[in-house]
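> Input file: run06.pdb. Contents: PDB, C-alpha atoms, pLDDT in the B column.
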```
MODEL        1
ATOM      1  CA  MET A 254     -41.768  46.230 -11.543  1.00 87.00           C
ATOM      2  CA  ARG A 255     -41.951  42.516 -10.846  1.00 89.00           C
ATOM      3  CA  LYS A 256     -38.161  42.183 -10.863  1.00 92.00           C
ATOM      4  CA  LEU A 257     -37.852  45.076  -8.422  1.00 94.00           C
ATOM      5  CA  LEU A 258     -40.393  43.387  -6.137  1.00 95.00           C
ATOM      6  CA  VAL A 259     -38.392  40.129  -6.241  1.00 96.00           C
ATOM      7  CA  VAL A 260     -35.154  41.976  -5.407  1.00 96.00           C
ATOM      8  CA  VAL A 261     -36.765  43.810  -2.472  1.00 96.00           C
ATOM      9  CA  PHE A 262     -38.272  40.543  -1.191  1.00 96.00           C
ATOM     10  CA  LEU A 263     -34.930  38.716  -1.429  1.00 97.00           C
ATOM     11  CA  ALA A 264     -33.151  41.615   0.300  1.00 97.00           C
ATOM     12  CA  VAL A 265     -35.602  41.438   3.225  1.00 97.00           C
ATOM     13  CA  ILE A 266     -34.990  37.683   3.513  1.00 97.00           C
ATOM     14  CA  LEU A 267     -31.220  38.284   3.356  1.00 97.00           C
ATOM     15  CA  VAL A 268     -31.373  40.806   6.198  1.00 97.00           C
ATOM     16  CA  ILE A 269     -33.463  38.430   8.340  1.00 96.00           C
ATOM     17  CA  LEU A 270     -31.069  35.524   7.729  1.00 96.00           C
ATOM     18  CA  VAL A 271     -27.942  37.609   8.401  1.00 96.00           C
ATOM     19  CA  VAL A 272     -29.434  38.905  11.657  1.00 95.00           C
ATOM     20  CA  ALA A 273     -30.250  35.321  12.633  1.00 94.00           C
ATOM     21  CA  VAL A 274     -26.676  34.214  11.917  1.00 92.00           C
ATOM     22  CA  ILE A 275     -25.251  37.115  13.946  1.00 91.00           C
ATOM     23  CA  GLU A 276     -27.527  36.190  16.863  1.00 87.00           C
ATOM     24  CA  MET A 277     -26.293  32.582  16.808  1.00 85.00           C
ATOM     25  CA  PRO A 278     -24.015  31.499  19.690  1.00 83.00           C
ATOM     26  CA  THR A 279     -20.356  30.933  18.848  1.00 83.00           C
ATOM     27  CA  ILE A 280     -19.330  27.317  18.290  1.00 81.00           C
ATOM     28  CA  GLY A 281     -17.574  25.708  21.243  1.00 79.00           C
ATOM     29  CA  ASP A 282     -18.245  28.512  23.722  1.00 81.00           C
ATOM     30  CA  PRO A 283     -18.608  26.968  27.219  1.00 81.00           C
ATOM     31  CA  ALA A 284     -21.191  29.644  28.102  1.00 81.00           C
ATOM     32  CA  ASN A 285     -23.612  28.447  25.407  1.00 82.00           C
ATOM     33  CA  VAL A 286     -27.141  27.644  26.519  1.00 80.00           C
ATOM     34  CA  THR A 287     -26.836  24.159  25.010  1.00 80.00           C
ATOM     35  CA  ASN A 288     -24.022  23.309  27.444  1.00 81.00           C
ATOM     36  CA  ASN A 289     -26.428  22.432  30.217  1.00 84.00           C
ATOM     37  CA  GLU A 290     -26.973  19.253  32.220  1.00 87.00           C
ATOM     38  CA  VAL A 291     -28.485  17.287  29.292  1.00 87.00           C
ATOM     39  CA  PRO A 292     -25.301  16.455  27.288  1.00 86.00           C
ATOM     40  CA  GLN A 293     -23.472  16.045  30.602  1.00 87.00           C
ATOM     41  CA  ARG A 294     -25.986  13.384  31.634  1.00 88.00           C
ATOM     42  CA  TYR A 295     -25.715  11.628  28.250  1.00 89.00           C
ATOM     43  CA  LEU A 296     -21.921  11.491  28.408  1.00 89.00           C
ATOM     44  CA  GLU A 297     -21.721  10.351  32.013  1.00 89.00           C
ATOM     45  CA  ASP A 298     -24.688   8.015  32.483  1.00 87.00           C
ATOM     46  CA  SER A 299     -25.495   6.550  29.054  1.00 86.00           C
ATOM     47  CA  LEU A 300     -23.202   3.556  29.630  1.00 85.00           C
ATOM     48  CA  HIS A 301     -25.011   2.513  32.839  1.00 85.00           C
ATOM     49  CA  GLU A 302     -28.467   3.426  31.606  1.00 84.00           C
ATOM     50  CA  THR A 303     -28.377   1.814  28.159  1.00 84.00           C
ATOM     51  CA  GLY A 304     -25.300  -0.446  28.027  1.00 83.00           C
ATOM     52  CA  ALA A 305     -24.209   0.943  24.668  1.00 85.00           C
ATOM     53  CA  LEU A 306     -20.646   2.134  24.118  1.00 88.00           C
ATOM     54  CA  ASN A 307     -21.757   4.366  21.243  1.00 87.00           C
ATOM     55  CA  VAL A 308     -23.320   7.421  22.869  1.00 89.00           C
ATOM     56  CA  VAL A 309     -24.936   8.516  19.590  1.00 89.00           C
ATOM     57  CA  ALA A 310     -26.662   5.138  19.266  1.00 88.00           C
ATOM     58  CA  SER A 311     -27.842   5.316  22.859  1.00 89.00           C
ATOM     59  CA  ILE A 312     -29.342   8.771  22.227  1.00 89.00           C
ATOM     60  CA  ILE A 313     -31.085   8.052  18.918  1.00 89.00           C
ATOM     61  CA  THR A 314     -32.406   4.581  19.810  1.00 87.00           C
ATOM     62  CA  ASP A 315     -33.001   4.887  23.547  1.00 87.00           C
ATOM     63  CA  TYR A 316     -33.351   8.421  24.922  1.00 88.00           C
ATOM     64  CA  ARG A 317     -34.935   9.750  21.745  1.00 89.00           C
ATOM     65  CA  ALA A 318     -36.232   6.510  20.247  1.00 88.00           C
ATOM     66  CA  PHE A 319     -39.648   8.010  19.594  1.00 90.00           C
ATOM     67  CA  ASP A 320     -38.037  10.621  17.340  1.00 91.00           C
ATOM     68  CA  THR A 321     -36.214   7.899  15.391  1.00 90.00           C
ATOM     69  CA  LEU A 322     -39.494   5.978  15.009  1.00 90.00           C
ATOM     70  CA  GLY A 323     -40.872   9.131  13.396  1.00 91.00           C
ATOM     71  CA  GLU A 324     -37.849   9.226  11.072  1.00 90.00           C
ATOM     72  CA  ALA A 325     -38.496   5.635  10.009  1.00 89.00           C
ATOM     73  CA  THR A 326     -42.141   6.530   9.428  1.00 89.00           C
ATOM     74  CA  VAL A 327     -41.064   9.435   7.206  1.00 91.00           C
ATOM     75  CA  LEU A 328     -39.147   6.945   5.031  1.00 88.00           C
ATOM     76  CA  PHE A 329     -42.220   4.690   4.927  1.00 88.00           C
ATOM     77  CA  VAL A 330     -44.534   7.542   3.922  1.00 90.00           C
ATOM     78  CA  ALA A 331     -42.078   8.748   1.259  1.00 89.00           C
ATOM     79  CA  LEU A 332     -41.978   5.253  -0.238  1.00 87.00           C
ATOM     80  CA  ALA A 333     -45.763   4.924  -0.084  1.00 87.00           C
ATOM     81  CA  ALA A 334     -46.156   8.256  -1.878  1.00 89.00           C
ATOM     82  CA  ALA A 335     -43.606   7.305  -4.552  1.00 85.00           C
ATOM     83  CA  ILE A 336     -45.235   3.909  -5.196  1.00 85.00           C
ATOM     84  CA  SER A 337     -48.760   5.323  -5.302  1.00 87.00           C
ATOM     85  CA  ASN A 338     -47.618   7.915  -7.857  1.00 84.00           C
ATOM     86  CA  LEU A 339     -45.658   5.458  -9.991  1.00 81.00           C
ATOM     87  CA  LYS A 340     -48.223   2.651  -9.950  1.00 76.00           C
ATOM     88  CA  ALA A 341     -51.108   5.024 -10.704  1.00 70.00           C
ATOM     89  CA  HIS A 342     -50.209   5.092 -14.431  1.00 61.00           C
TER
ATOM     90  CA  MET B 154     -26.138  -4.162 -22.064  1.00 60.00           C
ATOM     91  CA  GLU B 155     -23.374  -6.761 -21.645  1.00 70.00           C
ATOM     92  CA  ASP B 156     -20.376  -5.449 -19.741  1.00 83.00           C
ATOM     93  CA  VAL B 157     -18.177  -8.322 -18.573  1.00 88.00           C
ATOM     94  CA  ILE B 158     -15.817  -6.201 -16.456  1.00 90.00           C
ATOM     95  CA  VAL B 159     -18.566  -4.394 -14.535  1.00 89.00           C
ATOM     96  CA  ARG B 160     -20.464  -7.634 -13.934  1.00 89.00           C
ATOM     97  CA  TYR B 161     -17.389  -9.560 -12.807  1.00 90.00           C
ATOM     98  CA  ILE B 162     -16.123  -6.829 -10.466  1.00 91.00           C
ATOM     99  CA  SER B 163     -19.538  -6.158  -8.941  1.00 90.00           C
ATOM    100  CA  ARG B 164     -20.120  -9.881  -8.404  1.00 89.00           C
ATOM    101  CA  MET B 165     -16.772 -10.139  -6.598  1.00 91.00           C
ATOM    102  CA  LEU B 166     -17.426  -6.975  -4.584  1.00 92.00           C
ATOM    103  CA  LEU B 167     -20.982  -7.762  -3.524  1.00 92.00           C
ATOM    104  CA  PRO B 168     -20.384 -10.174  -0.572  1.00 93.00           C
ATOM    105  CA  PHE B 169     -17.804  -7.867   0.981  1.00 95.00           C
ATOM    106  CA  VAL B 170     -20.078  -4.824   0.703  1.00 94.00           C
ATOM    107  CA  GLN B 171     -23.000  -6.702   2.220  1.00 93.00           C
ATOM    108  CA  LEU B 172     -20.872  -8.165   5.012  1.00 95.00           C
ATOM    109  CA  TYR B 173     -19.587  -4.693   5.828  1.00 94.00           C
ATOM    110  CA  GLY B 174     -23.149  -3.338   5.883  1.00 94.00           C
ATOM    111  CA  LEU B 175     -24.200  -6.114   8.264  1.00 93.00           C
ATOM    112  CA  TYR B 176     -21.170  -5.348  10.441  1.00 93.00           C
ATOM    113  CA  VAL B 177     -22.076  -1.647  10.613  1.00 93.00           C
ATOM    114  CA  ILE B 178     -25.668  -2.519  11.605  1.00 93.00           C
ATOM    115  CA  LEU B 179     -24.816  -5.164  14.215  1.00 91.00           C
ATOM    116  CA  ASN B 180     -22.044  -3.047  15.758  1.00 90.00           C
ATOM    117  CA  GLY B 181     -24.237   0.053  15.858  1.00 87.00           C
ATOM    118  CA  HIS B 182     -24.153   0.155  19.664  1.00 87.00           C
ATOM    119  CA  LEU B 183     -20.373  -0.409  19.870  1.00 89.00           C
ATOM    120  CA  SER B 184     -18.791   1.640  17.094  1.00 88.00           C
ATOM    121  CA  PRO B 185     -19.715   4.547  14.797  1.00 88.00           C
ATOM    122  CA  GLY B 186     -22.501   3.566  12.458  1.00 85.00           C
ATOM    123  CA  GLY B 187     -25.939   2.171  13.052  1.00 85.00           C
ATOM    124  CA  GLY B 188     -29.135   1.266  11.310  1.00 87.00           C
ATOM    125  CA  PHE B 189     -29.294   4.154   8.865  1.00 91.00           C
ATOM    126  CA  SER B 190     -25.721   3.955   7.558  1.00 93.00           C
ATOM    127  CA  GLY B 191     -25.534   0.154   7.502  1.00 94.00           C
ATOM    128  CA  GLY B 192     -28.903  -0.141   5.791  1.00 93.00           C
ATOM    129  CA  ALA B 193     -27.766   2.370   3.169  1.00 94.00           C
ATOM    130  CA  ILE B 194     -24.665   0.232   2.468  1.00 95.00           C
ATOM    131  CA  ILE B 195     -26.734  -2.969   2.034  1.00 94.00           C
ATOM    132  CA  GLY B 196     -29.311  -1.167  -0.114  1.00 93.00           C
ATOM    133  CA  ALA B 197     -26.545   0.306  -2.289  1.00 93.00           C
ATOM    134  CA  SER B 198     -25.059  -3.175  -2.786  1.00 93.00           C
ATOM    135  CA  MET B 199     -28.361  -4.519  -4.134  1.00 91.00           C
ATOM    136  CA  ILE B 200     -28.762  -1.444  -6.351  1.00 91.00           C
ATOM    137  CA  LEU B 201     -25.234  -2.045  -7.685  1.00 90.00           C
ATOM    138  CA  TYR B 202     -26.193  -5.642  -8.470  1.00 90.00           C
ATOM    139  CA  ALA B 203     -29.409  -4.666 -10.237  1.00 88.00           C
ATOM    140  CA  LEU B 204     -27.590  -1.941 -12.199  1.00 88.00           C
ATOM    141  CA  SER B 205     -24.653  -4.040 -13.349  1.00 88.00           C
ATOM    142  CA  PHE B 206     -26.832  -7.012 -14.332  1.00 85.00           C
ATOM    143  CA  ASN B 207     -30.450  -6.114 -14.949  1.00 80.00           C
ATOM    144  CA  LEU B 208     -33.699  -5.876 -13.075  1.00 78.00           C
ATOM    145  CA  GLU B 209     -34.675  -9.510 -13.684  1.00 79.00           C
ATOM    146  CA  GLU B 210     -31.410 -10.759 -12.148  1.00 79.00           C
ATOM    147  CA  GLY B 211     -31.838  -8.357  -9.223  1.00 79.00           C
ATOM    148  CA  THR B 212     -35.416  -9.412  -8.510  1.00 81.00           C
ATOM    149  CA  LYS B 213     -34.294 -13.034  -8.697  1.00 82.00           C
ATOM    150  CA  LYS B 214     -31.997 -12.381  -5.706  1.00 82.00           C
ATOM    151  CA  LEU B 215     -34.527 -10.318  -3.780  1.00 83.00           C
ATOM    152  CA  SER B 216     -37.994 -10.079  -5.244  1.00 85.00           C
ATOM    153  CA  HIS B 217     -39.997  -6.879  -5.187  1.00 82.00           C
ATOM    154  CA  LYS B 218     -42.613  -8.455  -2.960  1.00 86.00           C
ATOM    155  CA  THR B 219     -40.034  -9.623  -0.403  1.00 88.00           C
ATOM    156  CA  SER B 220     -38.461  -6.174  -0.201  1.00 86.00           C
ATOM    157  CA  THR B 221     -41.907  -4.606   0.285  1.00 85.00           C
ATOM    158  CA  ILE B 222     -42.653  -7.017   3.140  1.00 90.00           C
ATOM    159  CA  LEU B 223     -39.218  -6.369   4.712  1.00 89.00           C
ATOM    160  CA  GLU B 224     -39.899  -2.645   4.369  1.00 86.00           C
ATOM    161  CA  SER B 225     -42.959  -2.866   6.613  1.00 87.00           C
ATOM    162  CA  SER B 226     -41.526  -5.459   8.991  1.00 90.00           C
ATOM    163  CA  GLY B 227     -38.609  -3.181   9.899  1.00 89.00           C
ATOM    164  CA  VAL B 228     -40.951  -0.542  11.293  1.00 89.00           C
ATOM    165  CA  LEU B 229     -43.133  -3.238  12.878  1.00 91.00           C
ATOM    166  CA  LEU B 230     -40.079  -4.647  14.692  1.00 91.00           C
ATOM    167  CA  TYR B 231     -39.253  -1.153  15.943  1.00 90.00           C
ATOM    168  CA  ALA B 232     -42.788  -0.359  17.096  1.00 90.00           C
ATOM    169  CA  GLY B 233     -43.129  -3.897  18.495  1.00 91.00           C
ATOM    170  CA  MET B 234     -40.139  -3.290  20.784  1.00 89.00           C
ATOM    171  CA  GLY B 235     -41.873  -0.131  21.979  1.00 89.00           C
ATOM    172  CA  LEU B 236     -45.140  -1.980  22.636  1.00 91.00           C
ATOM    173  CA  LEU B 237     -43.207  -4.747  24.436  1.00 90.00           C
ATOM    174  CA  SER B 238     -41.969  -2.112  26.885  1.00 89.00           C
ATOM    175  CA  ILE B 239     -45.578  -1.049  27.506  1.00 89.00           C
ATOM    176  CA  LEU B 240     -46.538  -4.687  28.127  1.00 90.00           C
ATOM    177  CA  LEU B 241     -43.641  -4.954  30.588  1.00 88.00           C
ATOM    178  CA  GLY B 242     -45.112  -2.053  32.494  1.00 85.00           C
ATOM    179  CA  THR B 243     -43.216   1.125  31.544  1.00 84.00           C
ATOM    180  CA  ASN B 244     -43.157   3.844  28.907  1.00 84.00           C
ATOM    181  CA  PHE B 245     -43.254   3.316  25.157  1.00 87.00           C
ATOM    182  CA  LEU B 246     -39.754   2.294  23.920  1.00 83.00           C
ATOM    183  CA  GLY B 247     -38.325   1.982  27.423  1.00 82.00           C
ATOM    184  CA  ASN B 248     -35.134  -0.055  27.550  1.00 82.00           C
ATOM    185  CA  LYS B 249     -33.529  -0.708  30.925  1.00 80.00           C
ATOM    186  CA  VAL B 250     -36.523   0.532  32.912  1.00 82.00           C
ATOM    187  CA  ALA B 251     -38.664  -2.138  31.183  1.00 80.00           C
ATOM    188  CA  GLY B 252     -36.349  -4.864  32.452  1.00 80.00           C
ATOM    189  CA  ILE B 253     -34.879  -5.810  29.066  1.00 82.00           C
ATOM    190  CA  PRO B 254     -31.484  -7.427  29.839  1.00 83.00           C
ATOM    191  CA  ILE B 255     -28.657  -4.988  29.153  1.00 82.00           C
ATOM    192  CA  GLY B 256     -25.771  -7.459  29.225  1.00 80.00           C
ATOM    193  CA  THR B 257     -22.112  -6.557  29.586  1.00 83.00           C
ATOM    194  CA  PRO B 258     -21.295  -3.249  27.854  1.00 82.00           C
ATOM    195  CA  GLY B 259     -18.862  -3.933  25.005  1.00 80.00           C
ATOM    196  CA  ASN B 260     -20.207  -7.364  24.074  1.00 83.00           C
ATOM    197  CA  LEU B 261     -21.917  -7.882  20.727  1.00 83.00           C
ATOM    198  CA  PHE B 262     -25.170  -8.932  22.394  1.00 84.00           C
ATOM    199  CA  SER B 263     -25.603  -6.084  24.846  1.00 81.00           C
ATOM    200  CA  SER B 264     -27.590  -2.877  25.337  1.00 81.00           C
ATOM    201  CA  GLY B 265     -30.985  -4.601  25.187  1.00 81.00           C
ATOM    202  CA  ALA B 266     -33.506  -2.967  22.883  1.00 85.00           C
ATOM    203  CA  ILE B 267     -30.930  -0.726  21.153  1.00 88.00           C
ATOM    204  CA  MET B 268     -29.503  -3.612  19.131  1.00 89.00           C
ATOM    205  CA  ILE B 269     -32.929  -4.888  18.028  1.00 90.00           C
ATOM    206  CA  ILE B 270     -34.113  -1.381  17.145  1.00 91.00           C
ATOM    207  CA  THR B 271     -30.921  -0.733  15.159  1.00 91.00           C
ATOM    208  CA  PHE B 272     -31.446  -4.015  13.290  1.00 92.00           C
ATOM    209  CA  GLY B 273     -35.035  -3.042  12.483  1.00 92.00           C
ATOM    210  CA  VAL B 274     -33.951   0.377  11.205  1.00 92.00           C
ATOM    211  CA  GLY B 275     -31.244  -1.306   9.115  1.00 93.00           C
ATOM    212  CA  ILE B 276     -33.757  -3.682   7.475  1.00 92.00           C
ATOM    213  CA  LYS B 277     -36.053  -0.765   6.878  1.00 92.00           C
ATOM    214  CA  VAL B 278     -33.539   1.595   5.263  1.00 92.00           C
ATOM    215  CA  ALA B 279     -32.052  -1.153   3.059  1.00 93.00           C
ATOM    216  CA  SER B 280     -35.425  -2.369   1.790  1.00 91.00           C
ATOM    217  CA  THR B 281     -36.671   1.212   1.310  1.00 91.00           C
ATOM    218  CA  MET B 282     -33.747   1.956  -1.006  1.00 91.00           C
ATOM    219  CA  ILE B 283     -34.218  -1.321  -2.898  1.00 90.00           C
ATOM    220  CA  THR B 284     -38.013  -0.988  -3.194  1.00 89.00           C
ATOM    221  CA  LEU B 285     -37.740   2.623  -4.363  1.00 88.00           C
ATOM    222  CA  PHE B 286     -35.137   1.650  -6.954  1.00 88.00           C
ATOM    223  CA  TYR B 287     -37.198  -1.280  -8.238  1.00 86.00           C
ATOM    224  CA  SER B 288     -40.330   0.878  -8.385  1.00 84.00           C
ATOM    225  CA  LEU B 289     -38.575   3.644 -10.323  1.00 83.00           C
ATOM    226  CA  ILE B 290     -37.036   1.206 -12.814  1.00 83.00           C
ATOM    227  CA  GLU B 291     -40.313  -0.686 -13.255  1.00 79.00           C
ATOM    228  CA  GLY B 292     -42.201   2.585 -13.733  1.00 69.00           C
ATOM    229  CA  GLU B 293     -39.684   3.544 -16.428  1.00 67.00           C
ATOM    230  CA  GLU B 294     -40.074   0.206 -18.201  1.00 66.00           C
ATOM    231  CA  GLY B 295     -43.861   0.348 -17.916  1.00 59.00           C
ATOM    232  CA  HIS B 296     -43.804   3.812 -19.491  1.00 57.00           C
ATOM    233  CA  GLU B 297     -41.714   2.543 -22.407  1.00 55.00           C
ATOM    234  CA  ASP B 298     -44.229  -0.241 -23.023  1.00 52.00           C
ATOM    235  CA  VAL B 299     -47.030   2.317 -23.172  1.00 50.00           C
ATOM    236  CA  HIS B 300     -45.132   4.432 -25.708  1.00 46.00           C
ATOM    237  CA  HIS B 301     -44.269   1.447 -27.866  1.00 43.00           C
TER
ENDMDL
END
```
Could you render the structure from this file as structure tokens?

Amino acid sequence: MRKLLVVVFLAVILVILVVAVIEMPTIGDPANVTNNEVPQRYLEDSLHETGALNVVASIITDYRAFDTLGEATVLFVALAAAISNLKAH
Amino acid sequence: MEDVIVRYISRMLLPFVQLYGLYVILNGHLSPGGGFSGGAIIGASMILYALSFNLEEGTKKLSHKTSTILESSGVLLYAGMGLLSILLGTNFLGNKVAGIPIGTPGNLFSSGAIMIITFGVGIKVASTMITLFYSLIEGEEGHEDVHH
């Protein structure tokens, strides 16, 4: 009974995931919703606005620097959790 | 464990690995790379040193306390750049709008806050890897002492 329940549950998840993959836009299609003015602006204006040749660096440390600060904080919290667990013994 | 070959090779390799990590961090705004990848390279070099020798030799080069302080100062440098932009009168983490000098694009010292932020992230990632490694190894050794 339990095994049957697990199989039914996994099948439902499989159907949901497959439907999600089918709904996904095709890679490289110019009509995708992500091909809007945002990446266009990054590619054209990032050199004047940030002075960095590396567009990825200008996005992660200038346009979206707050997000990267959160990433650094995640590392800090992970280390704090690991140390507090290890030093507790 | 005494392994002459591993120790000799890792000692020869170490300065080149660390120099390459520093290059990846400092050229983060010019070429592929940046704080996360460069910091991982530097952290891996210290882990290699501590693995091929032992923990005492590794902590002699970079003590546990120093790496913990570096770990926090990386984030503080990052957040400090953001607060500096507020003091200069714009948004948190503003770069050109805050009036931080951009310099000539393509030079090593250009792009204002991006270079400093990348350096802070590099310090942070490297010292996180080293501190985590030291903590895990020390926890292991502490456990062995308890069992003995």
> Tell me, as JSON, numbers by chain, which residues lie within 12 Å of Gln293 in chain A, counting only C-alpha atoms; anything in the same chain fewer than 6 positions away does not count.
{"A": [287, 299, 308]}
> Within 9 Å of chain B, which residues of chain A are there when counting only C-alpha atoms? Please give them as a PyMOL selection string.
chain A and resi 300-311+314-316+318-319+321-322+325-326+328-329+332+335-336+339-340+342
> Measure the distance from CA of Met165 in chain B to CA of Phe286 in chain B in Å and round it to one decimal.
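Rounded to one decimal, the two atoms are 21.8 Å apart.
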> Once you count all atoms listed in the file, which residues end up no further than 10 Å from (-25.7, -3.6, -14.6) in the file's frame, shown as a PDB file with C-alpha atoms, in the coordinates of the input?

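The file below, point-v6.pdb, is the result:
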```pdb
ATOM      1  CA  MET B 154     -26.138  -4.162 -22.064  1.00 60.00           C
ATOM      2  CA  GLU B 155     -23.374  -6.761 -21.645  1.00 70.00           C
ATOM      3  CA  ASP B 156     -20.376  -5.449 -19.741  1.00 83.00           C
ATOM      4  CA  VAL B 157     -18.177  -8.322 -18.573  1.00 88.00           C
ATOM      5  CA  VAL B 159     -18.566  -4.394 -14.535  1.00 89.00           C
ATOM      6  CA  ARG B 160     -20.464  -7.634 -13.934  1.00 89.00           C
ATOM      7  CA  SER B 163     -19.538  -6.158  -8.941  1.00 90.00           C
ATOM      8  CA  ILE B 200     -28.762  -1.444  -6.351  1.00 91.00           C
ATOM      9  CA  LEU B 201     -25.234  -2.045  -7.685  1.00 90.00           C
ATOM     10  CA  TYR B 202     -26.193  -5.642  -8.470  1.00 90.00           C
ATOM     11  CA  ALA B 203     -29.409  -4.666 -10.237  1.00 88.00           C
ATOM     12  CA  LEU B 204     -27.590  -1.941 -12.199  1.00 88.00           C
ATOM     13  CA  SER B 205     -24.653  -4.040 -13.349  1.00 88.00           C
ATOM     14  CA  PHE B 206     -26.832  -7.012 -14.332  1.00 85.00           C
ATOM     15  CA  ASN B 207     -30.450  -6.114 -14.949  1.00 80.00           C
ATOM     16  CA  LEU B 208     -33.699  -5.876 -13.075  1.00 78.00           C
ATOM     17  CA  GLU B 210     -31.410 -10.759 -12.148  1.00 79.00           C
ATOM     18  CA  GLY B 211     -31.838  -8.357  -9.223  1.00 79.00           C
TER      19      GLY B 211
END
```
> Show me, as lines of an AutoDock Vina configuration file, the centre and edge lengths in Å to one decimal of the axis-aligned box that covers every listed atom of range 155-167 of chain B with 3 Å on each side.

```
center_x = -19.6
center_y = -7.3
center_z = -12.6
size_x = 13.6
size_y = 11.7
size_z = 24.1
```
> Could you tell me how far CA of Pro292 in chain A sits from CA of Val274 in chain A, in Å to one decimal place?
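Interatomic distance, CA of Val274 in chain A to CA of Pro292 in chain A: 23.5 Å.
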> Could you state the separation of CA of Met199 in chain B and CA of Ile283 in chain B in Å, given to one decimal place?
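Those two atoms sit 6.8 Å apart.
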